[in-house]
Structures are given as C-alpha cells and as structure tokens.
There are 2 protein chains.
Amino acid sequence: MGSSERRERERLKVRGKILDAARKLFIQQGYDAVTMRKIAKRIEYSPTAIYVHFKDKETLLRELCAEDFQMLATAFQQVAMIEDPVERLRQTGRAYVDFAVRYPNHYRLMFMTPRPPDFQEDESGKGDVQRDAYAFVVAVVKDAMAKGAFLNEWKDPDLLAQVLWAGVHGVVTLHLVLAKDKWLDWRPLDATAQGMLDALYRGVLRQEQPNG
Amino acid sequence: MGSSERRERERLKVRGKILDAARKLFIQQGYDAVTMRKIAKRIEYSPTAIYVHFKDKETLLRELCAEDFQMLATAFQQVAMIEDPVERLRQTGRAYVDFAVRYPNHYRLMFMTPRPPDFQEDESGKGDVQRDAYAFVVAVVKDAMAKGAFLNEWKDPDLLAQVLWAGVHGVVTLHLVLAKDKWLDWRPLDATAQGMLDALYRGVLRQEQPNG
DNA sequence: CTCTGTAGCTTAACGGCGTTAAGTGAACGC
DNA sequence: GCGTTCACTTAACGCCGTTAAGCTACAGAG
C-alpha cells in the first residue's frame, strides 16, 4: 500500500527539519555553534535521532554546503544573459564578492573549511553550468578566449579561471578573517575588490585602447 | 638574593617547554590536535599547570603565532637588499608563497583563523619593517611608487599592497583548503601563483615595452 | 627561628562536545 | 497473530577547555 510512501515522506520531513535547524544555527552563529545537541533541542528530538538521517555531523554540514553551491551557481545564472563575455566575466567577479559578503558563514564553510580526507563528493551536476559555479566561470573564460579577449600567454582556461577566482577569493577571505585586526589599516572591501578586478583584467585582457 | 631571578628563570624554562610542546604538536598535526591535555602530557605536567603560564589556549596559540609573524618578516628581509623596488616586490610575492607552502599550519593560524573578538594585539614592532611583514610590503610598494613604477590610478600604497597581498593569499588558501578536491581540475600551485603575479604586475605596472 | 603569604603545581570536577550501544514501542509484511 | 524492521530514546564513553580547591616549598617579615 501507499504506507511505505507515507513513511518515506515522514522521513524526509524530519530530515528537512534537521537541515533547517542546522541551517538556522549555522547562519546565525557560525560553524562552531552548530552542535548535534543544539540541533536536536531545536527540533525537539534527542541528539542521537539525527544519526538516523545523517551519518555524522560532517555529512550533515556538507549537505548544507551543497545547497549553498547551488545558490552560488544560481546567482551566477543571473549574469549569464550578458552577451559580451568580457563584461559577463566582470559581473561574475562582482557577483562572487557579493555572495561572499551576503553569506559569510556559508562562504566559510564552502571555501575556507577543508574537506575531511575521506570526503566523497556528489559528482552529479559537475560541469553543468547551471549547477557548477566553477564550470560557469571556466565557460565564460573560454567564451572570452574564443573571441581573442586575452593576451596570448593565456591559453589555459582553467588556469586563468583559477587565477581570477583566487584573486577575489583572496580579497574576500582577508576581510572575513582579518577585517577587525587593528594591526592593519584596512581599505574597504569594495575598494580592494574593485582594485583586484581592475588590476587582474588589465593584466590579462588584450588592451583595446592602450591609454594607461 | 638572586633567588628571585632563579625562580624567574625556572618559570621561563617551563613556559618555553609549553611553547615548544605546543609548537611541535601544532606543526605535526595542526590546530585541532593542539589540546591542553596533549601539551601537558608531553611536558609531563598536569593540564592545569599550563594555566599558570598562559591565560588560556587562545593566548598560547597567539604567542606561537607572533613568533611566526617574526619568521615571515625575517624571510622578507632576505629580499630587502634587492635594489630595484619592482624586482624586490616580485621577490616578496614569491617569498610569501614559499613561506605558505613551507609552513602550511603556521599559515593557517596566521591568516586563516579569525582572532577572537577580545583579542589584544601586541603592537610593539608595528610599522617596523624588520618585524612587521605588512609594513615591509607597504614600504616596497611606496618605494616603487616613488619611482613612478605604477599606473596613475594606483596612488594609495595600502590599497595596492592589500590587493597584491590578497592575490597571493587567494592562490595559497585555495590550494591549502581545496587542493584535494576532485571536483576541480587544479593547476599546480606554482603555475597559479606565477600567473597571479604576472597578471597583477602587468595590471598595475606602467608598461616598459608595450609588446602585449 | 617562626610565621605568613604566595608561587607553582596537583587532583577533582563541571559542563560541553561527537558518537556509539542497547533498548523500546509502534507499524509493517506475511 | 507473529516476527521483523524502523524511528527513536536513554545512557554512556572518551574527548575537550577551564575552574575550584588544596598542597607544598620557599621567600621575606617579625
């Protein structure tokens, strides 16, 4: 009978509750505040109930993380319609920084927390521009490359994508980690991000009008 | 009598032992493996003995960290003798990446771990080029700037220093955190670092020979 | 020389953590 | 009706950082 389907539905409902509670804790208070016991309290189950639905805490958090990667890919989709690949690339950089600023805790988990050694990725969607943010960037780079936008020495789309990514990632992470450090006289994130993108694009693009 | 000095000496000796044990654990096994109990076991004291010498674990680790910053500043001093400020800047970038590769755990603590909100920096040595790695970079940038090495829009040495720093920092951290991730087709760290430095320098330096 | 205070250490404990073992009770297929 | 399975509970283990309380050796005061 349909009872097994009902059971499955109920199972997914509880699973969803766990994810929701974990997400709330995570957004509000960051990684360390997400404890199995706190999640359990929020959903009014015992801590061990979570283990019925998730292998361990890491698996749970990585599932949140996967949703965040989807969110980033979706954010990128909003600049996908821009026709000029160079401008699309620029806007992708901006969108990336915006994402990091808007969701710092997500960003920390996605890009600043090492995967455990045994971690097995869900590889469905890899390379799919709509679900894989990295693939999106590489695609834009390839597009611009095909139009001869870059200097001759840039032939490897992955390398260039990784350099551009590292640039914005560096700006973002320095601010996320060290912004409150008084040792350094920080320039605003906007200015650093803009400066990074300006410098990198000028450094890799063929100059249309050499009026530097 | 000299007995109080002897007591002070003994105090410092134990303090040093604690730091040494913590450092060893830290280098070998990373941040999370440094526990008060493990440190204590190594030096054959009880865990609480550590609290006689350090307020808490954070303070202890930050003291290690301070030594590491000194180490980085010293590494920079080895390129300080290069006369051409542009070349000096290039080599500083390389030295930075080398440092991160050689001491990944130190790097993590120095630049990838947020300071706690109440953390009070030791500000002696701030601005001292021989002890403050950031000040060193800014000084090199200023030097090059004075020689008119940069494009006109780069007038703020701090901003430029932070952009350059963010560039190499981004390359390094992506690799430290995500290198083993199979989702991405990683280019070698050397290549990405070199690409980053090439792109950035081309993006900010006035071109000597415009043969791009 | 005795007394007092304190520095440096100990043991015991608190409250937290992730996770596992064992048990319970209800719903299921047969 | 009966045994099984599934979702869950309680209890516990072994970690963690940190605090409280006490002990001992010794410096300095009287």
# chains A, B, ... in the order shown; residues from 1 in each chain; ligands from 1
$ residues_around --residues "Thr74 (chain B)" --least-positions-apart "3" --cutoff "8 Å" --atoms "only C-alpha atoms (C1' of nucleotides)" --output "JSON, numbers by chain"
{"B": [70, 71, 77, 78, 130, 131]}
$ interface_residues --of "chain A" --to "chain D" --cutoff "10 Å" --atoms "only C-alpha atoms (C1' of nucleotides)" --output "compact mmCIF listing (two decimals) with C-alpha atoms, in the first residue's frame"
# COMPACT_ATOMS: atom_id res chain seq x y z
CA ARG A 7 6.78 6.64 5.75
CA ARG A 11 11.28 10.50 6.93
CA TYR A 45 14.29 15.23 19.25
CA SER A 46 17.15 13.53 21.05
CA PRO A 47 20.63 14.21 19.65
CA THR A 48 21.02 10.63 18.51
CA ALA A 49 17.91 10.84 16.36
CA ILE A 50 19.96 12.87 13.91
CA VAL A 52 19.18 8.02 11.82
CA HIS A 53 19.19 10.54 8.98
$ closest_residue --among "B:Trp183, B:Phe136, B:Trp165, B:Phe111" --to "Ala73 (chain B)" --atoms "only C-alpha atoms"
B:Phe136
$ select_by_dssp --residues "region 40-170 of chain A" --states "alpha helix (DSSP H)" --output "PyMOL selection string"
chain A and resi 40-43+50-53+57-77+85-102+104-111+133-146+157-170
$ write_last_selection --atoms "C-alpha atoms" --output "compact mmCIF listing (two decimals), in the first residue's frame"
# COMPACT_ATOMS: atom_id res chain seq x y z
CA ALA A 40 18.23 18.26 18.46
CA LYS A 41 16.88 20.69 21.02
CA ARG A 42 15.50 22.95 18.29
CA ILE A 43 13.56 20.16 16.64
CA ILE A 50 19.96 12.87 13.91
CA TYR A 51 22.15 9.85 13.25
CA VAL A 52 19.18 8.02 11.82
CA HIS A 53 19.19 10.54 8.98
CA LYS A 57 27.95 15.95 11.64
CA GLU A 58 30.29 16.40 8.72
CA THR A 59 27.87 14.77 6.31
CA LEU A 60 25.08 16.97 7.57
CA LEU A 61 27.08 20.15 7.11
CA ARG A 62 28.27 19.09 3.68
CA GLU A 63 24.67 18.70 2.62
CA LEU A 64 24.01 22.29 3.68
CA CYS A 65 27.12 23.20 1.78
CA ALA A 66 25.87 21.54 -1.39
CA GLU A 67 22.76 23.69 -1.25
CA ASP A 68 24.97 26.74 -0.95
CA PHE A 69 26.94 25.80 -4.03
CA GLN A 70 23.65 25.55 -5.86
CA MET A 71 22.80 29.02 -4.58
CA LEU A 72 26.06 30.43 -5.90
CA ALA A 73 25.53 28.80 -9.28
CA THR A 74 22.07 30.33 -9.37
CA ALA A 75 23.49 33.75 -8.56
CA PHE A 76 25.85 33.33 -11.49
CA GLN A 77 22.95 32.45 -13.76
CA PRO A 85 31.79 37.59 -22.46
CA VAL A 86 34.27 40.09 -21.03
CA GLU A 87 31.53 42.05 -19.33
CA ARG A 88 29.96 38.78 -18.22
CA LEU A 89 33.24 37.82 -16.63
CA ARG A 90 33.46 41.15 -14.82
CA GLN A 91 29.95 40.78 -13.45
CA THR A 92 30.69 37.22 -12.39
CA GLY A 93 33.51 38.54 -10.25
CA ARG A 94 31.23 41.12 -8.70
CA ALA A 95 28.52 38.53 -8.09
CA TYR A 96 31.07 36.31 -6.36
CA VAL A 97 32.14 39.04 -3.97
CA ASP A 98 28.51 39.96 -3.30
CA PHE A 99 27.74 36.36 -2.46
CA ALA A 100 30.62 36.18 0.00
CA VAL A 101 29.60 39.40 1.71
CA ARG A 102 25.97 38.43 1.93
CA PRO A 104 29.87 34.96 5.11
CA ASN A 105 29.15 31.83 7.12
CA HIS A 106 28.20 29.90 4.02
CA TYR A 107 31.32 31.17 2.33
CA ARG A 108 33.46 30.00 5.23
CA LEU A 109 32.10 26.51 5.00
CA MET A 110 32.25 26.34 1.22
CA PHE A 111 35.71 27.71 0.61
CA ALA A 133 29.77 27.57 -10.33
CA TYR A 134 33.33 26.73 -11.26
CA ALA A 135 32.23 25.30 -14.60
CA PHE A 136 30.33 28.51 -15.21
CA VAL A 137 33.45 30.60 -14.72
CA VAL A 138 35.53 28.36 -16.97
CA ALA A 139 32.82 28.56 -19.62
CA VAL A 140 32.84 32.35 -19.51
CA VAL A 141 36.61 32.39 -19.71
CA LYS A 142 36.52 30.05 -22.70
CA ASP A 143 33.94 32.24 -24.35
CA ALA A 144 36.06 35.33 -23.95
CA MET A 145 39.12 33.41 -25.03
CA ALA A 146 37.42 32.33 -28.23
CA PRO A 157 41.05 28.44 -19.42
CA ASP A 158 41.33 26.52 -16.16
CA LEU A 159 44.50 28.30 -15.16
CA LEU A 160 43.03 31.69 -15.92
CA ALA A 161 39.78 30.86 -14.15
CA GLN A 162 41.72 29.74 -11.11
CA VAL A 163 43.81 32.89 -11.06
CA LEU A 164 40.76 35.13 -11.29
CA TRP A 165 38.98 33.08 -8.68
CA ALA A 166 41.99 33.23 -6.38
CA GLY A 167 42.04 36.99 -6.74
CA VAL A 168 38.52 37.59 -5.49
CA HIS A 169 38.82 34.76 -3.01
CA GLY A 170 41.89 36.39 -1.54
$ interface_residues --of "chain A" --to "chain C" --cutoff "9 Å" --atoms "only C-alpha atoms (C1' of nucleotides)" --output "ChimeraX atom specification"
/A:3-4,35-37,48,56-57
$ write_last_selection --atoms "C-alpha atoms" --output "short mmCIF file (atom, residue, chain, number, x, y, z; two decimals), in the first residue's frame"
data_model
loop_
_atom_site.label_atom_id
_atom_site.label_comp_id
_atom_site.auth_asym_id
_atom_site.auth_seq_id
_atom_site.Cartn_x
_atom_site.Cartn_y
_atom_site.Cartn_z
CA SER A 3 2.04 3.39 3.54
CA SER A 4 5.66 2.96 2.60
CA THR A 35 26.21 21.12 17.56
CA MET A 36 24.20 17.97 17.32
CA ARG A 37 22.73 18.70 20.72
CA THR A 48 21.02 10.63 18.51
CA ASP A 56 27.68 12.22 11.13
CA LYS A 57 27.95 15.95 11.64
#
$ interface_residues --of "chain B" --to "chain A" --cutoff "8 Å" --atoms "only C-alpha atoms" --output "number ranges by chain"
B: 111-115, 121, 123, 126, 134, 151-152, 158-160, 162-171, 173-174, 176-178, 181-187, 191-193, 195-196, 198-204, 206, 212
$ atom_distance --atom1 "CA of Tyr31 (chain A)" --atom2 "CA of Tyr31 (chain B)"
16.0 Å
$ atom_distance --atom1 "CA of Tyr103 (chain A)" --atom2 "CA of Gly30 (chain B)"
27.0 Å
$ atom_distance --atom1 "CA of Ile18 (chain A)" --atom2 "CA of Ile39 (chain A)"
6.7 Å
